[in-house]
Each structure stands twice: as C-alpha cells, then as structure tokens.
>>> print(open('structure.txt').read())   # compact mmCIF, C-alpha atoms
# COMPACT_ATOMS: atom_id res chain seq x y z
CA MET A 2 112.75 118.40 122.68
CA ASN A 3 109.31 117.18 123.72
CA TRP A 4 106.01 116.74 121.89
CA ASN A 5 104.32 119.78 123.46
CA GLU A 6 107.20 122.02 122.38
CA ILE A 7 107.06 120.59 118.87
CA ARG A 8 103.32 121.19 118.67
CA LYS A 9 103.68 124.77 119.89
CA LYS A 10 106.27 125.56 117.24
CA ALA A 11 104.22 123.81 114.56
CA ARG A 12 101.16 125.85 115.51
CA GLU A 13 103.15 129.03 114.88
CA ASN A 14 104.55 127.79 111.57
CA MET A 15 101.20 126.46 110.32
CA LYS A 16 99.06 129.34 111.61
CA GLY A 17 95.73 129.44 109.84
CA TYR A 18 96.11 125.90 108.51
CA CYS A 19 96.62 123.62 111.52
CA ARG A 20 96.23 124.17 115.27
CA ALA A 21 98.53 121.25 116.15
CA CYS A 22 95.94 120.15 118.70
CA LYS A 23 96.85 118.16 121.78
CA ARG A 24 94.86 115.36 120.20
CA CYS A 25 94.65 115.41 116.41
CA ASP A 26 91.03 114.27 116.09
CA GLY A 27 89.53 116.38 113.30
CA ILE A 28 87.06 118.28 115.48
CA ALA A 29 88.59 121.77 115.56
CA CYS A 30 89.54 121.66 111.85
CA ALA A 31 86.35 120.05 110.52
CA GLY A 32 85.74 121.10 106.93
CA GLU A 33 88.98 123.06 106.67
CA ILE A 34 90.23 122.14 103.20
CA PRO A 35 92.57 123.72 102.14
CA GLY A 36 94.01 122.99 105.53
CA MET A 37 94.49 119.79 107.49
CA GLY A 38 90.85 119.01 108.23
CA GLY A 39 88.35 116.49 106.93
CA THR A 40 86.07 117.25 104.02
CA GLY A 41 82.54 118.60 104.49
CA THR A 42 81.39 118.17 108.06
CA GLY A 43 84.65 116.43 108.90
CA ARG A 44 82.80 113.30 110.01
CA SER A 45 85.02 110.87 108.08
CA PHE A 46 88.18 112.17 109.78
CA ILE A 47 86.43 112.08 113.16
CA ALA A 48 85.06 108.59 112.42
CA ASN A 49 88.61 107.27 112.11
CA ILE A 50 89.41 108.44 115.63
CA GLU A 51 86.13 107.18 117.07
CA ALA A 52 86.55 103.78 115.41
CA ILE A 53 89.96 103.22 117.02
CA ASP A 54 88.65 104.44 120.37
CA ARG A 55 85.92 101.78 120.38
CA TRP A 56 88.45 98.96 120.69
CA ARG A 57 89.81 97.86 124.08
CA LEU A 58 92.90 95.89 125.13
CA GLU A 59 93.36 93.34 127.92
CA LEU A 60 95.99 94.25 130.52
CA LYS A 61 98.27 91.27 131.22
CA THR A 62 101.38 91.29 133.42
CA LEU A 63 101.75 87.71 134.73
CA HIS A 64 104.15 86.48 132.05
CA ASP A 65 107.87 86.45 131.21
CA ILE A 66 107.86 88.80 128.19
CA GLN A 67 110.30 91.61 128.94
CA LYS A 68 111.72 92.54 125.55
CA PRO A 69 109.05 92.36 122.84
CA ASP A 70 110.13 92.42 119.21
CA ILE A 71 108.49 95.31 117.31
CA THR A 72 110.28 94.67 114.00
CA SER A 73 108.28 93.76 110.92
CA GLU A 74 108.84 92.68 107.34
CA ILE A 75 107.21 94.24 104.26
CA PHE A 76 107.88 92.78 100.81
CA GLY A 77 111.01 91.11 102.16
CA TYR A 78 112.37 94.30 103.73
CA LYS A 79 112.88 94.28 107.49
CA ILE A 80 111.74 97.48 109.23
CA ASN A 81 112.38 98.44 112.84
CA MET A 82 108.76 99.28 113.60
CA PRO A 83 105.42 98.59 111.87
CA VAL A 84 104.82 102.30 111.28
CA ILE A 85 105.19 103.85 107.82
CA ALA A 86 105.23 107.50 106.75
CA ALA A 87 102.06 108.07 104.72
CA PRO A 88 102.30 109.92 101.38
CA MET A 89 101.71 113.64 102.00
CA THR A 90 101.74 116.50 99.47
CA GLY A 91 100.19 119.95 99.06
CA LEU A 92 102.16 121.74 101.75
CA LYS A 93 101.54 125.22 100.36
CA GLY A 94 97.77 124.88 100.19
CA ASN A 95 97.23 122.68 103.23
CA ALA A 96 100.04 123.65 105.61
CA GLY A 97 100.73 127.27 104.69
CA GLY A 98 103.98 126.92 102.76
CA PHE A 99 106.42 127.24 105.66
CA LEU A 100 108.11 124.15 104.22
CA THR A 101 108.43 123.42 100.52
CA GLU A 102 107.48 120.04 99.05
CA ARG A 103 111.15 119.26 98.56
CA GLU A 104 112.11 120.21 102.13
CA TYR A 105 109.38 118.04 103.64
CA ALA A 106 110.04 115.08 101.35
CA LEU A 107 113.75 115.09 102.12
CA MET A 108 113.37 115.45 105.89
CA ALA A 109 110.66 112.76 106.05
CA ALA A 110 112.72 110.37 103.93
CA GLU A 111 115.85 111.01 105.99
CA ALA A 112 113.92 110.46 109.23
CA CYS A 113 112.49 107.16 107.98
CA LYS A 114 115.94 106.08 106.82
CA ASN A 115 117.44 106.87 110.22
CA ILE A 116 114.63 105.18 112.14
CA GLY A 117 114.64 102.17 109.83
CA THR A 118 111.17 102.26 108.35
CA ILE A 119 109.40 102.92 105.04
CA TYR A 120 108.82 106.33 103.46
CA MET A 121 105.88 106.83 101.10
CA SER A 122 105.85 109.78 98.70
CA GLY A 123 102.84 111.34 97.04
CA ASP A 124 101.39 112.88 93.90
CA ALA A 125 99.08 115.84 93.23
CA ASN A 126 97.85 118.27 90.59
CA ASP A 127 101.22 120.08 90.59
CA PRO A 128 103.40 117.98 88.23
CA ASP A 129 106.51 118.83 90.28
CA MET A 130 105.28 117.03 93.39
CA TYR A 131 105.74 113.44 92.25
CA PRO A 132 109.40 113.87 91.17
CA VAL A 133 110.23 115.50 94.51
CA GLY A 134 109.35 112.29 96.34
CA LEU A 135 111.38 110.21 93.89
CA ASP A 136 114.38 112.49 94.43
CA ALA A 137 114.08 112.05 98.20
CA ILE A 138 114.07 108.26 97.83
CA LEU A 139 117.03 108.33 95.45
CA LYS A 140 119.12 110.74 97.54
CA THR A 141 118.55 109.12 100.93
CA GLY A 142 118.42 105.46 99.94
CA VAL A 143 115.35 105.01 102.16
CA ILE A 144 113.02 102.08 101.60
CA GLY A 145 110.51 104.00 99.50
CA ILE A 146 107.07 103.52 97.96
CA PRO A 147 105.93 106.37 95.65
CA PHE A 148 102.19 106.80 95.10
CA SER A 149 100.45 108.07 91.99
CA LYS A 150 96.95 109.47 91.85
CA PRO A 151 94.53 107.32 89.79
CA ARG A 152 95.50 108.89 86.47
CA THR A 153 95.21 107.17 83.10
CA VAL A 154 96.68 103.68 82.90
CA LYS A 155 99.42 104.97 80.59
CA GLU A 156 100.38 107.76 83.00
CA ILE A 157 100.40 105.38 85.97
CA ILE A 158 102.71 102.94 84.17
CA GLU A 159 105.04 105.82 83.29
CA LYS A 160 105.17 106.91 86.93
CA ALA A 161 105.85 103.33 88.05
CA ASN A 162 108.79 103.16 85.65
CA LEU A 163 110.19 106.38 87.13
CA ALA A 164 109.74 104.91 90.62
CA LYS A 165 111.72 101.82 89.60
CA LYS A 166 114.58 104.00 88.33
CA ALA A 167 114.61 105.90 91.64
CA GLY A 168 115.12 102.66 93.57
CA ALA A 169 111.60 102.28 94.98
CA MET A 170 110.75 98.91 96.58
CA ALA A 171 107.10 99.04 95.47
CA PHE A 172 104.65 101.40 93.79
CA GLY A 173 101.22 102.59 94.88
CA ILE A 174 98.05 104.21 93.61
CA ASP A 175 95.79 106.42 95.75
CA VAL A 176 92.63 104.94 94.24
CA ASP A 177 90.51 107.04 96.60
CA GLY A 178 91.72 110.14 94.75
CA ALA A 179 89.29 109.27 91.95
CA GLY A 180 87.05 112.27 92.62
CA LEU A 181 89.62 114.99 93.33
CA ILE A 182 87.95 118.02 91.77
CA MET A 183 91.11 120.17 91.93
CA MET A 184 92.90 117.77 89.63
CA ILE A 185 89.95 117.42 87.29
CA ARG A 186 89.54 121.20 87.06
CA SER A 187 93.24 121.59 86.30
CA GLY A 188 92.82 119.34 83.28
CA GLN A 189 94.43 116.24 84.79
CA PHE A 190 92.46 113.03 84.58
CA VAL A 191 91.74 111.05 87.73
CA GLY A 192 89.05 108.43 87.99
CA PRO A 193 87.98 105.00 89.25
CA LYS A 194 89.95 101.97 88.13
CA SER A 195 88.32 98.76 86.90
CA LYS A 196 89.63 95.29 87.67
CA LYS A 197 90.77 95.06 84.05
CA GLU A 198 92.75 98.29 84.37
CA ILE A 199 94.41 97.17 87.61
CA LYS A 200 95.45 93.93 85.90
CA GLU A 201 96.88 95.90 82.98
CA ILE A 202 98.93 98.03 85.37
CA VAL A 203 100.18 94.96 87.28
CA ASP A 204 101.22 93.28 84.01
CA ASN A 205 103.16 96.32 82.80
CA ILE A 206 105.16 97.43 85.82
CA ASP A 207 108.20 95.87 87.46
CA LEU A 208 107.25 96.65 91.05
CA SER A 209 104.73 95.24 93.53
CA LEU A 210 101.50 97.26 93.37
CA VAL A 211 99.86 98.78 96.46
CA LEU A 212 96.29 100.11 96.25
CA LYS A 213 95.49 102.72 98.88
CA GLY A 214 91.90 103.67 99.62
CA ILE A 215 90.20 100.29 100.05
CA MET A 216 87.22 100.38 102.41
CA THR A 217 85.12 97.32 101.50
CA VAL A 218 85.55 93.56 101.35
CA GLU A 219 84.36 93.62 97.74
CA GLU A 220 87.11 95.99 96.61
CA ALA A 221 89.76 94.23 98.68
CA GLU A 222 88.89 91.03 96.82
CA ILE A 223 89.06 92.84 93.47
CA ALA A 224 92.52 94.17 94.37
CA ALA A 225 93.75 90.70 95.32
CA ASP A 226 92.26 89.04 92.25
CA ALA A 227 93.74 91.72 89.97
CA GLY A 228 97.25 91.00 91.21
CA ALA A 229 97.94 93.84 93.64
CA LYS A 230 100.36 92.75 96.35
CA ALA A 231 99.06 95.04 99.10
CA ILE A 232 96.18 97.30 100.02
CA VAL A 233 95.89 100.18 102.45
CA VAL A 234 92.55 100.30 104.22
CA SER A 235 92.02 104.06 104.09
CA ASN A 236 89.45 106.81 103.56
CA HIS A 237 92.21 109.28 102.62
CA GLY A 238 92.26 110.70 106.13
CA GLY A 239 88.63 111.72 105.74
CA ARG A 240 89.56 114.21 103.02
CA VAL A 241 87.69 112.88 99.96
CA LEU A 242 84.19 111.74 100.99
CA ASP A 243 82.12 112.88 103.95
CA PHE A 244 80.38 110.36 106.24
CA THR A 245 82.46 107.25 105.52
CA MET A 246 83.09 104.52 108.05
CA GLY A 247 86.21 104.68 110.19
CA THR A 248 89.02 102.42 109.03
CA ALA A 249 89.15 100.40 112.27
CA ASP A 250 85.48 99.55 111.76
CA VAL A 251 86.00 97.95 108.34
CA LEU A 252 89.50 96.51 108.82
CA PRO A 253 88.55 93.21 110.57
CA ASP A 254 86.16 92.07 107.82
CA ILE A 255 88.66 92.97 105.11
CA VAL A 256 91.46 91.04 106.84
CA LYS A 257 89.16 88.05 107.31
CA ALA A 258 88.32 88.07 103.61
CA VAL A 259 91.73 88.66 102.00
CA GLY A 260 94.38 88.59 104.73
CA ASP A 261 95.78 85.28 103.47
CA LYS A 262 95.96 86.54 99.87
CA ILE A 263 97.34 90.06 100.10
CA LEU A 264 99.28 92.30 102.49
CA VAL A 265 96.83 94.50 104.44
CA LEU A 266 98.00 97.88 105.75
CA VAL A 267 95.84 100.58 107.33
CA ASP A 268 95.82 104.31 108.10
CA GLY A 269 93.38 106.81 109.56
CA GLY A 270 93.55 108.42 112.99
CA ILE A 271 96.52 106.43 114.34
CA ARG A 272 98.24 108.67 116.87
CA SER A 273 99.99 106.48 119.44
CA GLY A 274 101.70 103.16 119.95
CA VAL A 275 98.53 101.85 121.58
CA ASP A 276 96.60 102.78 118.42
CA VAL A 277 99.21 100.91 116.39
CA LEU A 278 98.80 97.80 118.55
CA LYS A 279 95.02 97.93 118.17
CA MET A 280 95.28 98.05 114.37
CA LEU A 281 97.78 95.18 114.36
CA SER A 282 95.46 93.20 116.61
CA LEU A 283 92.66 93.81 114.10
CA GLY A 284 94.81 92.19 111.43
CA ALA A 285 96.89 94.90 109.76
CA LYS A 286 100.55 94.07 109.12
CA ALA A 287 101.64 97.70 109.52
CA VAL A 288 100.12 101.18 109.76
CA LEU A 289 100.58 104.50 107.98
CA ILE A 290 100.72 107.82 109.85
CA GLY A 291 100.32 111.16 108.08
CA ARG A 292 99.19 114.34 109.86
CA PRO A 293 101.34 113.94 113.01
CA LEU A 294 104.46 113.69 110.85
CA MET A 295 103.48 116.88 109.06
CA VAL A 296 103.03 118.59 112.44
CA ALA A 297 106.39 117.25 113.61
CA ALA A 298 108.13 118.52 110.48
CA HIS A 299 106.76 122.02 111.03
CA GLY A 300 107.66 121.93 114.72
CA GLY A 301 111.25 120.75 114.49
CA GLY A 302 112.16 119.32 111.10
CA ARG A 303 113.74 115.91 110.64
CA GLU A 304 114.69 115.59 114.31
CA ALA A 305 111.07 116.14 115.36
CA ILE A 306 109.82 113.52 112.90
CA GLU A 307 112.33 111.06 114.36
CA PHE A 308 111.28 112.08 117.88
CA TYR A 309 107.64 111.32 117.08
CA LEU A 310 108.39 107.97 115.45
CA LYS A 311 110.56 106.96 118.42
CA LYS A 312 107.78 108.05 120.78
CA VAL A 313 105.28 105.82 118.97
CA ALA A 314 107.78 102.94 118.96
CA ASP A 315 108.29 103.29 122.73
CA GLU A 316 104.52 103.38 123.31
CA LEU A 317 104.07 100.25 121.19
CA TYR A 318 106.89 98.47 123.02
CA GLN A 319 105.35 99.32 126.40
CA ALA A 320 101.85 98.31 125.28
CA MET A 321 103.17 94.94 124.09
CA ILE A 322 104.75 94.28 127.49
CA LEU A 323 101.50 95.21 129.22
CA THR A 324 99.42 92.90 127.00
CA GLY A 325 101.79 89.93 127.05
CA CYS A 326 102.73 90.28 123.41
CA LYS A 327 106.21 88.95 122.51
CA ASP A 328 106.21 89.99 118.83
CA LEU A 329 103.90 91.19 116.05
CA SER A 330 102.74 87.67 115.24
CA SER A 331 101.25 87.31 118.71
CA THR A 332 99.22 90.48 119.08
CA PRO A 333 96.59 90.51 121.85
CA LYS A 334 92.85 90.15 121.49
CA VAL A 335 90.88 93.37 121.29
CA TYR A 336 87.31 93.92 122.35
CA ARG A 337 84.78 96.31 120.87
CA ALA A 338 83.21 98.58 123.48
CA ASN A 339 79.45 99.11 123.42
>>> encode(input="structure.txt", output="structure tokens")
Amino acid sequence: MNWNEIRKKARENMKGYCRACKRCDGIACAGEIPGMGGTGTGRSFIANIEAIDRWRLELKTLHDIQKPDITSEIFGYKINMPVIAAPMTGLKGNAGGFLTEREYALMAAEACKNIGTIYMSGDANDPDMYPVGLDAILKTGVIGIPFSKPRTVKEIIEKANLAKKAGAMAFGIDVDGAGLIMMIRSGQFVGPKSKKEIKEIVDNIDLSLVLKGIMTVEEAEIAADAGAKAIVVSNHGGRVLDFTMGTADVLPDIVKAVGDKILVLVDGGIRSGVDVLKMLSLGAKAVLIGRPLMVAAHGGGREAIEFYLKKVADELYQAMILTGCKDLSSTPKVYRAN
C-alpha cells in the first residue's frame, strides 16, 4: 500500500465528487459543494493552503537529537501524535455514497484507536448522523470528541449528555456552522451563539467544551471568558464563507492572546508532517485533519487511514530531527516568507 495507490482507488470510488489530487489544495474542486471543494470561488479553502505555505523552517543538524518525542497530551489524555481526525459527515452528498456514514465513522474511530490519537465525530441536517459518531466512540473505546452544530442551547445540552453516555472525553460545537442554509431550509435551527449562551452550555454539561470555528482574537477571548476549555482555529475547511483568511495567518495572534488561558487547536489545509510542525511552531497544541482521511477511507478503508496517519507521523518525526526539535514543547522558530 502506498499513497498514490490509495489516491487512485479513492478517485474511482469518489468519481464526480473528489479527484483525490496529488496535492489537496482546493483549486481543481473550487466551488464544488456538494463535493469536497470550498464554497463560492473556493478562495477560503485555497487560502488555508497558501497561509501554511508562507511559513518557512530553519534546517538544523548540528545537535544530538536523534529520537524526538511526538507524543502530546489533550485534556489529560496522552496521544501518540498531535494529529486528530476532524469531524466529517455528509458522505452521500459530498463523497458520492460509496461509504455510509456508519462505515466511515467506525473505520475512522478504529484507525484513531489503533494509532493512539483522538477521533472527532460530526453532526448534520440528517438526525441519524450524530448518533453514528457516538456509536463509533462507544464501540471502539477511542478517545472521542463528538461535535454538534450550533443548534438551540437546549438541543446542544441534550447532545452533550448523549456524548457523555457514549464515553466521550469532551464535547464540541461547530460554531462556524451558524449559516448552514441546508439545515435552516430543512427546518433545523442553527445560528450564532452569544457569550451568555456559551456560558449556559458550559454550566449545564459535564464535559469540557470545545468551540470549533474561531478565526479572530476577539472571539477566542469570548470563548475563554465563557468557560470553553479549547478552541479550534478553523474556517470549516473553507466550506462556509468565501474569502476568509487562512488559519495559519490568524493562528499566531490568537495564541498570543489566549494561549495561556485555553487549549488552542487548528485545522485547515494541513497535509503533511511538515505542515503539522509549522502549526505547532505557530502555537497550536495539536492539529485536525479532515479531507485526506476521507480520501484514505475511500481508497483503502481503515488500513489506509492508518497508513496516512503513520505517514504524517513519520514526516513530523523527520522534520523534528532536521530542525533540532526534541519534543513538542521545543518546536522551532518559523519565518514568514515575503
């Protein structure tokens, strides 16, 4: 098994929805929603890639670091690599339906369990999607974080209670799903959340709260002040609002403002171990990866997801040796290219 073979198979199984490009950069699939592309012109998806590309690493080899430690700790749980499976749903509409929601959730959860990292499950307009992720967490025993869309406060609390029963280690809200027209048109409320509402949710759930979709210092501070334990700097993979900034462009200021108050995670365009190291060097404690795991699943199932995660881990390990980085608390300096 190699990555080119996995991509080739995925391209066949996702025909018409994803090209499984050599580099998943949002250019070929711009505007393809349903599908795996970015919304509108696709510029927000592309901006994520461009933002990561602007950062440079220093090559260092005159040192004694031969076996860097790539393990991390999230909410007291040790994970073998600082890479987390992002919440992904909507396989029929966005990936063609070769895999069902249940099949993908189970294989992704099993892969994360075997690799020793965190699995995040998602939510969508289909009411069956959220329970599928909970079932995967319960059946596999993976370290899991289910995410709800920004529904009513009452609905979110109910979903958090279900997550607790399934054995989740934390609970998240995709706050950047506030304008999802498909959900609104199907009669399901989604909308922005005020600081007061976030506090109400925090006070009424028995799990640490993660807010995904934070792109400004102002909202990162609101999340911290409201009692959330973590944020994910994210523009939803460029799928909700056209022409946003790339996540690597806004991450440093957010970490500077709230990094000592709240756990900061990030997603958006991360494709390799070098990309992971850049994001960690910009202050993130771990990263989320979405689309490549979906491609892997369609190109070889659980084994291909594990292959990809191991590939990223090996790339990170190598990059840490070549930058003189002994562990994730001593990440190298990065420099912004002109």
>>> residues_around(input="structure.txt", residues="Ala96 in chain A", least_positions_apart="4", cutoff="10 Å", atoms="all atoms listed in the file", output="ChimeraX atom specification")
/A:11,14-19,35-37,90-92,100-101,295-296,299
>>> closest_residue(input="structure.txt", among="A:Val176, A:Cys30, A:Ile75, A:Ile53", to="Asn95 in chain A", atoms="all atoms listed in the file")
A:Cys30
>>> closest_residue(input="structure.txt", among="A:Lys150, A:Arg186, A:Lys140, A:Lys155", to="Pro88 in chain A", atoms="only C-alpha atoms")
A:Lys150
>>> atom_distance(input="structure.txt", atom1="CA of Ile138 in chain A", atom2="CA of Asp177 in chain A")
23.6 Å
>>> atom_distance(input="structure.txt", atom1="CA of Ile182 in chain A", atom2="CA of Asp127 in chain A")
13.5 Å
>>> atom_distance(input="structure.txt", atom1="CA of Asp276 in chain A", atom2="CA of Cys326 in chain A")
14.8 Å
>>> residues_around(input="structure.txt", residues="range 218-227 of chain A", least_positions_apart="2", cutoff="9 Å", atoms="all atoms listed in the file", output="PyMOL selection string")
chain A and resi 195-201+203+211-212+215-216+229-232+234+251-252+254-259+262-263
